[in-house]
file entry_36.cif (mmCIF, C-alpha atoms)
data_structure
loop_
_atom_site.label_atom_id
_atom_site.label_comp_id
_atom_site.auth_asym_id
_atom_site.auth_seq_id
_atom_site.Cartn_x
_atom_site.Cartn_y
_atom_site.Cartn_z
CA MET Q 293 -6.18 -2.76 3.49
CA ARG Q 294 -5.97 -5.84 5.67
CA ASP Q 295 -7.03 -7.53 8.86
CA ASN Q 296 -4.45 -9.18 11.07
CA ASP Q 297 -5.21 -12.82 10.41
CA PRO Q 298 -2.44 -15.43 10.08
CA VAL Q 299 -0.74 -15.37 6.69
CA THR Q 300 1.62 -17.65 4.80
CA SER Q 301 4.78 -17.11 2.73
CA ALA Q 302 4.85 -17.00 -1.06
CA THR Q 303 8.50 -16.23 -1.86
CA ARG Q 304 11.58 -15.36 0.14
CA GLN Q 305 13.00 -11.92 -0.57
CA PRO Q 306 16.63 -10.77 -0.06
CA GLU Q 307 17.48 -8.81 3.05
CA THR Q 308 18.28 -5.13 2.82
CA ARG Q 309 21.40 -3.49 4.24
CA THR Q 310 21.13 -1.69 7.57
CA ALA Q 311 21.80 2.03 7.28
CA THR Q 312 23.44 4.16 9.97
CA THR Q 313 22.79 7.47 8.19
CA PRO Q 314 20.57 9.88 10.17
CA PRO Q 315 17.01 9.53 8.84
CA ARG Q 316 15.40 12.31 6.83
CA LEU Q 317 12.15 10.52 5.95
CA ILE Q 318 9.96 7.89 7.60
CA ALA Q 319 7.74 5.85 5.26
CA THR Q 320 5.09 3.80 7.01
CA ASP Q 321 2.33 1.51 5.87
CA LEU Q 322 -1.01 1.94 7.67
CA ASP Q 323 -3.12 -1.21 8.15
CA GLY Q 324 -1.36 -3.78 10.28
CA THR Q 325 1.56 -1.37 10.75
CA LEU Q 326 0.87 2.16 12.00
CA LEU Q 327 -2.80 1.50 12.78
CA ARG Q 328 -3.93 -0.79 15.55
CA ASP Q 329 -6.37 -3.56 14.67
CA ASP Q 330 -9.30 -1.27 15.52
CA LYS Q 331 -7.96 1.16 12.85
CA SER Q 332 -7.00 3.77 15.45
CA VAL Q 333 -3.73 5.67 15.81
CA SER Q 334 -2.60 5.36 19.42
CA PRO Q 335 -1.67 8.45 21.48
CA ARG Q 336 1.89 7.14 21.69
CA THR Q 337 2.13 6.86 17.91
CA ILE Q 338 0.62 10.32 17.40
CA ALA Q 339 3.24 11.76 19.74
CA ALA Q 340 6.07 9.90 17.98
CA LEU Q 341 5.00 11.12 14.53
CA ALA Q 342 4.78 14.71 15.79
CA ALA Q 343 8.21 14.43 17.43
CA ALA Q 344 9.74 13.14 14.18
CA GLU Q 345 8.31 16.04 12.19
CA GLU Q 346 9.50 18.50 14.86
CA ALA Q 347 12.99 17.01 14.52
CA GLY Q 348 12.91 17.73 10.77
CA ILE Q 349 12.12 14.17 9.63
CA GLU Q 350 9.34 13.98 7.04
CA VAL Q 351 6.67 11.32 7.54
CA PHE Q 352 5.00 9.71 4.53
CA PHE Q 353 2.01 7.41 4.87
CA VAL Q 354 2.47 4.76 2.15
CA THR Q 355 -0.57 2.54 1.79
CA GLY Q 356 -2.66 0.35 -0.45
CA ARG Q 357 -5.72 2.33 0.64
CA PRO Q 358 -7.49 4.63 -1.81
CA ALA Q 359 -7.40 8.35 -1.05
CA ARG Q 360 -11.00 8.34 0.19
CA TRP Q 361 -10.03 5.96 3.02
CA MET Q 362 -7.36 8.27 4.42
CA ASP Q 363 -9.60 9.88 7.04
CA VAL Q 364 -7.99 7.58 9.64
CA VAL Q 365 -4.78 9.64 9.47
CA SER Q 366 -5.85 12.97 7.94
CA ASP Q 367 -5.76 14.58 11.40
CA HIS Q 368 -2.13 13.55 11.83
CA VAL Q 369 -0.50 14.97 8.70
CA HIS Q 370 2.22 17.55 9.22
CA GLY Q 371 4.26 19.79 6.96
CA HIS Q 372 3.88 18.56 3.36
CA GLY Q 373 0.66 16.64 4.07
CA LEU Q 374 1.34 14.10 1.33
CA ALA Q 375 0.50 10.40 1.29
CA ILE Q 376 1.20 7.65 -1.24
CA CYS Q 377 -2.01 5.72 -1.90
CA GLY Q 378 -3.09 2.73 -3.97
CA ASN Q 379 0.29 0.94 -3.62
CA GLY Q 380 2.06 3.82 -5.35
CA ALA Q 381 -0.59 4.64 -7.96
CA ALA Q 382 -1.23 8.10 -6.51
CA VAL Q 383 0.38 10.81 -4.39
CA VAL Q 384 -2.31 12.70 -2.53
CA ASP Q 385 -2.34 15.99 -0.60
CA LEU Q 386 -4.41 15.33 2.53
CA HIS Q 387 -4.47 18.92 3.78
CA GLY Q 388 -8.01 19.44 2.55
CA GLY Q 389 -9.33 16.74 4.86
CA PRO Q 390 -11.67 13.82 4.05
CA GLY Q 391 -13.36 14.24 0.68
CA ALA Q 392 -11.27 17.30 -0.24
CA HIS Q 393 -7.95 15.68 -1.08
CA ARG Q 394 -5.96 16.68 -4.15
CA PHE Q 395 -4.12 14.27 -6.44
CA VAL Q 396 -0.54 15.50 -6.83
CA LYS Q 397 0.69 12.58 -8.95
CA VAL Q 398 -1.18 9.73 -10.67
CA ARG Q 399 0.55 6.63 -12.04
CA ALA Q 400 -2.38 5.02 -13.83
CA LEU Q 401 -2.85 1.48 -15.06
CA ALA Q 402 -3.40 1.72 -18.83
CA ARG Q 403 -6.73 0.21 -19.85
CA GLU Q 404 -5.04 -1.98 -22.45
CA ASN Q 405 -2.78 -3.47 -19.76
CA ALA Q 406 -5.72 -3.84 -17.38
CA LEU Q 407 -7.76 -5.72 -19.98
CA ASP Q 408 -4.80 -7.99 -20.73
CA ALA Q 409 -4.34 -8.71 -17.01
CA VAL Q 410 -8.02 -9.50 -16.51
CA GLY Q 411 -8.12 -11.85 -19.48
CA LEU Q 412 -4.91 -13.67 -18.60
CA LEU Q 413 -5.96 -14.16 -15.00
CA ARG Q 414 -9.45 -15.34 -15.97
CA ASP Q 415 -7.78 -18.07 -18.02
CA ALA Q 416 -5.24 -18.98 -15.32
CA ALA Q 417 -7.66 -18.88 -12.37
CA PRO Q 418 -11.28 -19.51 -13.41
CA GLY Q 419 -13.72 -18.04 -10.91
CA THR Q 420 -11.74 -14.82 -10.35
CA VAL Q 421 -13.94 -11.74 -9.97
CA TYR Q 422 -12.87 -8.11 -10.27
CA ALA Q 423 -13.32 -4.57 -9.06
CA VAL Q 424 -11.89 -1.41 -10.62
CA GLU Q 425 -10.41 1.35 -8.43
CA GLN Q 426 -10.21 4.77 -10.07
CA THR Q 427 -9.12 8.15 -8.74
CA TYR Q 428 -12.59 8.87 -7.37
CA GLY Q 429 -14.80 5.98 -8.47
CA PHE Q 430 -15.09 2.33 -7.48
CA HIS Q 431 -16.89 -0.17 -9.73
CA GLN Q 432 -17.16 -3.94 -9.47
CA GLU Q 433 -18.50 -7.05 -11.09
CA PRO Q 434 -21.82 -8.30 -9.68
CA ALA Q 435 -20.17 -11.41 -8.19
CA TYR Q 436 -17.38 -9.49 -6.46
CA PRO Q 437 -17.89 -9.96 -2.71
CA LYS Q 438 -18.63 -7.15 -0.29
CA LEU Q 439 -15.09 -6.77 1.01
CA HIS Q 440 -15.14 -3.02 1.52
CA MET Q 441 -17.29 -0.78 3.69
CA GLU Q 442 -18.66 1.26 0.81
CA VAL Q 443 -21.33 1.22 -1.86
CA PRO Q 444 -19.88 0.73 -5.37
CA ASP Q 445 -20.57 3.37 -8.00
CA GLY Q 446 -21.69 0.70 -10.44
CA PHE Q 447 -21.76 -2.97 -11.41
CA ALA Q 448 -20.60 -4.45 -14.71
CA PRO Q 449 -18.14 -7.04 -16.07
CA ALA Q 450 -14.53 -5.86 -15.80
CA GLU Q 451 -14.12 -5.96 -19.59
CA GLU Q 452 -17.01 -3.50 -19.91
CA LEU Q 453 -15.70 -1.23 -17.15
CA LEU Q 454 -12.24 -1.13 -18.74
CA ALA Q 455 -13.30 -0.71 -22.36
CA PRO Q 456 -11.95 2.42 -24.09
CA ASP Q 457 -15.51 3.65 -24.70
CA SER Q 458 -16.75 2.82 -21.18
CA HIS Q 459 -18.64 5.44 -19.21
CA THR Q 460 -15.73 5.26 -16.75
CA ALA Q 461 -13.12 6.06 -19.43
CA GLY Q 462 -12.69 9.69 -18.42
CA GLU Q 463 -11.15 8.78 -15.08
CA PRO Q 464 -7.73 7.10 -14.58
CA VAL Q 465 -7.61 3.49 -13.37
CA LEU Q 466 -5.38 3.19 -10.31
CA LYS Q 467 -5.62 -0.54 -9.78
CA ILE Q 468 -7.67 -3.67 -10.37
CA LEU Q 469 -8.76 -5.84 -7.46
CA ALA Q 470 -9.00 -9.56 -8.20
CA HIS Q 471 -10.68 -11.96 -5.76
CA HIS Q 472 -10.79 -15.73 -5.86
CA PRO Q 473 -13.22 -17.61 -3.59
CA ALA Q 474 -11.13 -20.75 -3.08
CA LEU Q 475 -7.40 -20.36 -3.81
CA ASP Q 476 -4.73 -19.97 -1.13
CA PRO Q 477 -3.76 -16.27 -1.05
CA ASP Q 478 -0.04 -16.76 -1.71
CA ALA Q 479 -0.67 -19.43 -4.35
CA PHE Q 480 -3.04 -17.01 -6.08
CA LEU Q 481 -0.38 -14.28 -5.96
CA THR Q 482 2.27 -16.53 -7.49
CA LEU Q 483 -0.12 -17.77 -10.18
CA ALA Q 484 -1.17 -14.23 -11.10
CA ARG Q 485 2.40 -12.96 -11.34
CA LEU Q 486 3.31 -15.79 -13.69
CA ALA Q 487 0.20 -15.33 -15.81
CA ILE Q 488 0.31 -11.54 -16.09
CA GLY Q 489 4.08 -11.11 -16.36
CA ASP Q 490 5.30 -7.57 -17.04
CA ARG Q 491 1.92 -6.25 -18.19
CA ALA Q 492 1.16 -5.11 -14.64
CA THR Q 493 2.42 -5.22 -11.07
CA VAL Q 494 0.61 -7.75 -8.87
CA THR Q 495 0.72 -7.79 -5.07
CA ARG Q 496 -1.51 -8.33 -2.06
CA SER Q 497 -2.17 -6.85 1.37
CA SER Q 498 -5.19 -8.86 2.49
CA PRO Q 499 -5.22 -12.21 4.34
CA SER Q 500 -7.81 -13.41 1.82
CA ALA Q 501 -7.21 -14.30 -1.84
CA LEU Q 502 -7.50 -10.66 -2.92
CA LEU Q 503 -4.87 -9.31 -5.31
CA GLU Q 504 -4.08 -5.70 -6.22
CA ILE Q 505 -2.99 -5.08 -9.82
CA SER Q 506 -1.26 -1.80 -10.73
CA GLY Q 507 0.64 -0.41 -13.69
CA PRO Q 508 3.99 -1.89 -14.71
CA ASP Q 509 6.74 -0.86 -12.28
CA VAL Q 510 4.21 0.89 -10.03
CA SER Q 511 4.80 0.04 -6.38
CA LYS Q 512 5.11 1.71 -3.02
CA ALA Q 513 8.88 1.66 -3.51
CA SER Q 514 8.99 3.22 -6.98
CA THR Q 515 6.66 6.08 -6.09
CA LEU Q 516 8.41 6.68 -2.79
CA ALA Q 517 11.72 6.82 -4.69
CA LEU Q 518 10.27 9.50 -6.98
CA CYS Q 519 9.07 11.56 -4.01
CA CYS Q 520 12.44 11.24 -2.30
CA ALA Q 521 14.33 12.23 -5.47
CA GLU Q 522 12.24 15.40 -5.66
CA ARG Q 523 13.41 16.24 -2.15
CA GLY Q 524 17.04 15.28 -2.59
CA ILE Q 525 16.65 12.39 -0.14
CA SER Q 526 18.61 9.20 -0.79
CA HIS Q 527 17.33 5.72 0.02
CA GLU Q 528 19.94 5.47 2.81
CA GLU Q 529 18.12 8.34 4.56
CA VAL Q 530 14.75 6.55 4.55
CA VAL Q 531 13.33 4.40 7.36
CA ALA Q 532 10.40 2.21 6.29
CA PHE Q 533 7.81 0.08 8.12
CA GLY Q 534 5.48 -2.62 6.80
CA ASP Q 535 3.77 -5.94 7.35
CA MET Q 536 2.51 -7.45 4.05
CA PRO Q 537 3.79 -8.43 0.57
CA ASN Q 538 2.87 -5.04 -0.91
CA ASP Q 539 5.51 -3.55 1.44
CA VAL Q 540 8.39 -5.84 0.41
CA GLU Q 541 9.84 -3.64 -2.36
CA MET Q 542 9.70 -0.55 -0.15
CA LEU Q 543 11.41 -2.32 2.73
CA THR Q 544 14.11 -3.66 0.44
CA TRP Q 545 14.70 -0.21 -1.10
CA ALA Q 546 14.91 1.79 2.13
CA GLY Q 547 18.24 2.19 3.88
CA ARG Q 548 16.71 0.98 7.12
CA SER Q 549 13.49 -1.01 7.33
CA TYR Q 550 11.40 -2.72 9.98
CA ALA Q 551 8.97 -5.61 9.78
CA MET Q 552 6.17 -5.55 12.31
CA GLY Q 553 5.91 -8.34 14.87
CA ASN Q 554 2.71 -9.42 13.10
CA ALA Q 555 4.30 -9.36 9.61
CA HIS Q 556 4.04 -11.81 6.72
CA PRO Q 557 7.13 -14.08 6.43
CA ASP Q 558 8.20 -12.38 3.19
CA VAL Q 559 8.29 -9.06 5.01
CA LEU Q 560 10.36 -10.53 7.83
CA ALA Q 561 12.84 -11.73 5.21
CA ALA Q 562 12.96 -8.41 3.36
CA ALA Q 563 13.38 -5.97 6.26
CA SER Q 564 16.71 -5.11 7.85
CA GLY Q 565 15.15 -5.01 11.32
CA ARG Q 566 12.10 -6.02 13.31
CA THR Q 567 9.87 -4.26 15.78
CA VAL Q 568 6.91 -5.29 17.91
CA ALA Q 569 3.38 -5.71 16.56
CA ASN Q 570 1.09 -2.91 15.43
CA ASN Q 571 -1.10 -3.29 18.53
CA ASP Q 572 2.02 -2.70 20.64
CA ASP Q 573 2.93 0.54 18.82
CA GLY Q 574 5.86 -0.98 16.94
CA VAL Q 575 6.35 2.08 14.70
CA ALA Q 576 6.43 4.44 17.67
CA VAL Q 577 8.94 2.20 19.49
CA VAL Q 578 11.43 2.56 16.63
CA ILE Q 579 10.83 6.28 16.03
CA GLU Q 580 11.46 7.03 19.71
CA ARG Q 581 14.71 5.10 19.57
CA LEU Q 582 15.83 6.79 16.34
CA LEU Q 583 15.16 10.23 17.79
CA ASP Q 584 17.19 9.35 20.90
CA GLU Q 585 20.07 8.11 18.71
CA HIS Q 586 20.30 11.31 16.69
CA ARG Q 587 19.69 14.03 19.28
#
call {"tool": "encode", "arguments": {"input": "entry_36.cif", "output": "structure tokens"}}
result
Amino acid sequence: MRDNDPVTSATRQPETRTATTPPRLIATDLDGTLLRDDKSVSPRTIAALAAAEEAGIEVFFVTGRPARWMDVVSDHVHGHGLAICGNGAAVVDLHGGPGAHRFVKVRALARENALDAVGLLRDAAPGTVYAVEQTYGFHQEPAYPKLHMEVPDGFAPAEELLAPDSHTAGEPVLKILAHHPALDPDAFLTLARLAIGDRATVTRSSPSALLEISGPDVSKASTLALCCAERGISHEEVVAFGDMPNDVEMLTWAGRSYAMGNAHPDVLAAASGRTVANNDDGVAVVIERLLDEHR
């Protein structure tokens, strides 16, 4: 969901404890983490992921991306084939390949909460424009900039798109995207969290002033915790990787976590360890070492 431009810190997060328990699950972000800047998965990383699965360690892709953008890794799923998309708003089975994915779990943003969030943020940050991400559809306001390489399914004010009687009402809302043309990205994040409060979860993964608004308590961490509980995996048995504020909760929750060399300062503060940058295969470097440690 992001490019690798310089970023600034919004808030300092507490460090997580370092676990020595053998890993049973690897949870990795995609953009700026597993993927190189050209959005490719390097041969070294492909080999490391396959080696982890062969050793009995599950690999979960945990991303802000919508399910329809998962073609970049759909050829590299093993075993369960599941990915956590939309910052925890959906668990998706990627086995069907691009365009044929199946939603296993949806943690929707209630329209009432979404409308509250839009209204509160309009008042707090005039000039904010919105897009609405649903399970299959993507709609936006006319003034929302072309930030994504896709053609929207429709254009309308957010209040119209989120209305209970909207033509989009039959499909769950996964998250709202809020863009401001002038505010500093971290200042915008702090402002939005204060304005919206507990009506929704607000985070960001872009170097621009683009926020991602999900349901209350919906995050990469909370959905990953649900998936792990279903498998009898404790947080001490999870190794997590990330680079942006939407990864902070996941990195804090996991027993062992790594910030990329290109990570946001909040991520560096939250993770229990660091690795090299995404372009230097930082995820693969750690996986190789973990596999050597537990042979």
call {"tool": "resolve_selection", "arguments": {"input": "entry_36.cif", "expression": "the PyMOL selection byres ((chain Q and resi 375) around 10)", "output": "PDB file with C-alpha atoms, in the coordinates of the input"}}
result
ATOM      1  CA  ALA Q 319       7.740   5.850   5.260  1.00  0.00           C
ATOM      2  CA  THR Q 320       5.090   3.800   7.010  1.00  0.00           C
ATOM      3  CA  VAL Q 351       6.670  11.320   7.540  1.00  0.00           C
ATOM      4  CA  PHE Q 352       5.000   9.710   4.530  1.00  0.00           C
ATOM      5  CA  PHE Q 353       2.010   7.410   4.870  1.00  0.00           C
ATOM      6  CA  VAL Q 354       2.470   4.760   2.150  1.00  0.00           C
ATOM      7  CA  THR Q 355      -0.570   2.540   1.790  1.00  0.00           C
ATOM      8  CA  ALA Q 359      -7.400   8.350  -1.050  1.00  0.00           C
ATOM      9  CA  MET Q 362      -7.360   8.270   4.420  1.00  0.00           C
ATOM     10  CA  VAL Q 365      -4.780   9.640   9.470  1.00  0.00           C
ATOM     11  CA  SER Q 366      -5.850  12.970   7.940  1.00  0.00           C
ATOM     12  CA  VAL Q 369      -0.500  14.970   8.700  1.00  0.00           C
ATOM     13  CA  HIS Q 372       3.880  18.560   3.360  1.00  0.00           C
ATOM     14  CA  GLY Q 373       0.660  16.640   4.070  1.00  0.00           C
ATOM     15  CA  LEU Q 374       1.340  14.100   1.330  1.00  0.00           C
ATOM     16  CA  ILE Q 376       1.200   7.650  -1.240  1.00  0.00           C
ATOM     17  CA  CYS Q 377      -2.010   5.720  -1.900  1.00  0.00           C
ATOM     18  CA  GLY Q 378      -3.090   2.730  -3.970  1.00  0.00           C
ATOM     19  CA  GLY Q 380       2.060   3.820  -5.350  1.00  0.00           C
ATOM     20  CA  ALA Q 382      -1.230   8.100  -6.510  1.00  0.00           C
ATOM     21  CA  VAL Q 383       0.380  10.810  -4.390  1.00  0.00           C
ATOM     22  CA  VAL Q 384      -2.310  12.700  -2.530  1.00  0.00           C
ATOM     23  CA  ASP Q 385      -2.340  15.990  -0.600  1.00  0.00           C
ATOM     24  CA  LEU Q 386      -4.410  15.330   2.530  1.00  0.00           C
ATOM     25  CA  PHE Q 395      -4.120  14.270  -6.440  1.00  0.00           C
ATOM     26  CA  VAL Q 396      -0.540  15.500  -6.830  1.00  0.00           C
ATOM     27  CA  LEU Q 516       8.410   6.680  -2.790  1.00  0.00           C
TER      28      LEU Q 516
END
call {"tool": "residues_around", "arguments": {"input": "entry_36.cif", "residues": "region 519-523 of chain Q", "least_positions_apart": "4", "cutoff": "9 Å", "atoms": "only C-alpha atoms", "output": "PDB file with C-alpha atoms, in the frame of the given file"}}
result
ATOM      1  CA  LEU Q 317      12.150  10.520   5.950  1.00  0.00           C
ATOM      2  CA  VAL Q 383       0.380  10.810  -4.390  1.00  0.00           C
ATOM      3  CA  SER Q 514       8.990   3.220  -6.980  1.00  0.00           C
ATOM      4  CA  THR Q 515       6.660   6.080  -6.090  1.00  0.00           C
ATOM      5  CA  HIS Q 527      17.330   5.720   0.020  1.00  0.00           C
ATOM      6  CA  VAL Q 530      14.750   6.550   4.550  1.00  0.00           C
TER       7      VAL Q 530
END
call {"tool": "resolve_selection", "arguments": {"input": "entry_36.cif", "expression": "the PyMOL selection byres ((chain Q and resi 329) around 9)", "output": "PyMOL selection string"}}
result
chain Q and resi 295-296+323-324+327-328+330-332+570-571
call {"tool": "resolve_selection", "arguments": {"input": "entry_36.cif", "expression": "the PyMOL selection byres ((chain Q and resi 544) around 12)", "output": "count of residues only"}}
result
41
call {"tool": "closest_residue", "arguments": {"input": "entry_36.cif", "among": "Q:Pro477, Q:Pro444, Q:Gly507, Q:Pro315", "to": "Val465 (chain Q)", "atoms": "all atoms listed in the file"}}
result
Q:Gly507
call {"tool": "residues_around", "arguments": {"input": "entry_36.cif", "residues": "Pro434 (chain Q)", "least_positions_apart": "4", "cutoff": "12 Å", "atoms": "only C-alpha atoms", "output": "PDB file with C-alpha atoms, in the frame of the given file"}}
result
ATOM      1  CA  VAL Q 421     -13.940 -11.740  -9.970  1.00  0.00           C
ATOM      2  CA  TYR Q 422     -12.870  -8.110 -10.270  1.00  0.00           C
ATOM      3  CA  ALA Q 423     -13.320  -4.570  -9.060  1.00  0.00           C
ATOM      4  CA  LYS Q 438     -18.630  -7.150  -0.290  1.00  0.00           C
ATOM      5  CA  PRO Q 444     -19.880   0.730  -5.370  1.00  0.00           C
ATOM      6  CA  ASP Q 445     -20.570   3.370  -8.000  1.00  0.00           C
ATOM      7  CA  GLY Q 446     -21.690   0.700 -10.440  1.00  0.00           C
ATOM      8  CA  PHE Q 447     -21.760  -2.970 -11.410  1.00  0.00           C
ATOM      9  CA  ALA Q 448     -20.600  -4.450 -14.710  1.00  0.00           C
ATOM     10  CA  PRO Q 449     -18.140  -7.040 -16.070  1.00  0.00           C
ATOM     11  CA  ALA Q 450     -14.530  -5.860 -15.800  1.00  0.00           C
ATOM     12  CA  LEU Q 453     -15.700  -1.230 -17.150  1.00  0.00           C
TER      13      LEU Q 453
END
call {"tool": "closest_residue", "arguments": {"input": "entry_36.cif", "among": "Q:Leu322, Q:Val410, Q:Ala340, Q:Ala501", "to": "Arg581 (chain Q)", "atoms": "all atoms listed in the file"}}
result
Q:Ala340
call {"tool": "closest_residue", "arguments": {"input": "entry_36.cif", "among": "Q:Ser500, Q:Thr493, Q:Thr482, Q:Thr420", "to": "Ala406 (chain Q)", "atoms": "all atoms listed in the file"}}
result
Q:Thr493
call {"tool": "closest_residue", "arguments": {"input": "entry_36.cif", "among": "Q:Glu463, Q:Asp573, Q:Glu451, Q:Glu345", "to": "Glu404 (chain Q)", "atoms": "all atoms listed in the file"}}
result
Q:Glu451
call {"tool": "closest_residue", "arguments": {"input": "entry_36.cif", "among": "Q:Gly489, Q:Asp584, Q:Trp361, Q:Ala344", "to": "Glu442 (chain Q)", "atoms": "all atoms listed in the file"}}
result
Q:Trp361
call {"tool": "atom_distance", "arguments": {"input": "entry_36.cif", "atom1": "CA of Val577 (chain Q)", "atom2": "CA of Ala347 (chain Q)"}}
result
16.1 Å
call {"tool": "closest_residue", "arguments": {"input": "entry_36.cif", "among": "Q:Lys467, Q:His556, Q:Lys397, Q:His586", "to": "Ile349 (chain Q)", "atoms": "all atoms listed in the file"}}
result
Q:His586
call {"tool": "atom_distance", "arguments": {"input": "entry_36.cif", "atom1": "CA of Ile318 (chain Q)", "atom2": "CA of Met536 (chain Q)"}}
result
17.4 Å
call {"tool": "atom_distance", "arguments": {"input": "entry_36.cif", "atom1": "CA of Glu452 (chain Q)", "atom2": "CA of Leu401 (chain Q)"}}
result
15.8 Å
call {"tool": "residues_around", "arguments": {"input": "entry_36.cif", "residues": "Ile488 (chain Q)", "least_positions_apart": "5", "cutoff": "9 Å", "atoms": "only C-alpha atoms", "output": "PyMOL selection string"}}
result
chain Q and resi 408-410+412-413+483+493-494
call {"tool": "axis_aligned_box", "arguments": {"input": "entry_36.cif", "around": "region 423-442 of chain Q", "padding_each_side": "5 Å", "output": "JSON"}}
result
{"center_x": -15.5, "center_y": -1.3, "center_z": -3.7, "size_x": 22.7, "size_y": 30.3, "size_z": 24.8}
call {"tool": "decode", "arguments": {"input": "entry_36.cif", "residues": "region 519-531 of chain Q", "atoms": "N, CA and C atoms", "output": "JSON list (two decimals), in the first residue's frame"}}
result
[["chain", "number", "residue", "atom", "x", "y", "z"],
["Q", 519, "CYS", "N", -6.80, -15.68, 13.96],
["Q", 519, "CYS", "CA", -6.33, -16.79, 13.10],
["Q", 519, "CYS", "C", -5.40, -17.72, 13.88],
["Q", 520, "CYS", "N", -4.56, -17.14, 14.72],
["Q", 520, "CYS", "CA", -3.64, -17.95, 15.51],
["Q", 520, "CYS", "C", -4.40, -18.76, 16.56],
["Q", 521, "ALA", "N", -5.40, -18.15, 17.19],
["Q", 521, "ALA", "CA", -6.19, -18.86, 18.20],
["Q", 521, "ALA", "C", -6.88, -20.07, 17.58],
["Q", 522, "GLU", "N", -7.36, -19.93, 16.35],
["Q", 522, "GLU", "CA", -8.00, -21.05, 15.66],
["Q", 522, "GLU", "C", -7.04, -22.20, 15.42],
["Q", 523, "ARG", "N", -5.75, -21.90, 15.40],
["Q", 523, "ARG", "CA", -4.73, -22.91, 15.13],
["Q", 523, "ARG", "C", -3.98, -23.35, 16.39],
["Q", 524, "GLY", "N", -4.37, -22.81, 17.52],
["Q", 524, "GLY", "CA", -3.69, -23.15, 18.75],
["Q", 524, "GLY", "C", -2.28, -22.60, 18.82],
["Q", 525, "ILE", "N", -2.04, -21.47, 18.16],
["Q", 525, "ILE", "CA", -0.73, -20.84, 18.13],
["Q", 525, "ILE", "C", -0.74, -19.63, 19.05],
["Q", 526, "SER", "N", 0.21, -19.56, 19.96],
["Q", 526, "SER", "CA", 0.29, -18.42, 20.89],
["Q", 526, "SER", "C", 1.08, -17.29, 20.25],
["Q", 527, "HIS", "N", 0.96, -16.09, 20.81],
["Q", 527, "HIS", "CA", 1.68, -14.94, 20.25],
["Q", 527, "HIS", "C", 3.19, -15.13, 20.38],
["Q", 528, "GLU", "N", 3.64, -15.90, 21.40],
["Q", 528, "GLU", "CA", 5.08, -16.14, 21.54],
["Q", 528, "GLU", "C", 5.65, -16.96, 20.38],
["Q", 529, "GLU", "N", 4.77, -17.67, 19.66],
["Q", 529, "GLU", "CA", 5.21, -18.53, 18.55],
["Q", 529, "GLU", "C", 5.11, -17.82, 17.20],
["Q", 530, "VAL", "N", 4.84, -16.53, 17.21],
["Q", 530, "VAL", "CA", 4.68, -15.75, 15.98],
["Q", 530, "VAL", "C", 5.88, -14.83, 15.79],
["Q", 531, "VAL", "N", 6.38, -14.79, 14.54],
["Q", 531, "VAL", "CA", 7.42, -13.85, 14.14],
["Q", 531, "VAL", "C", 6.80, -12.92, 13.10]]
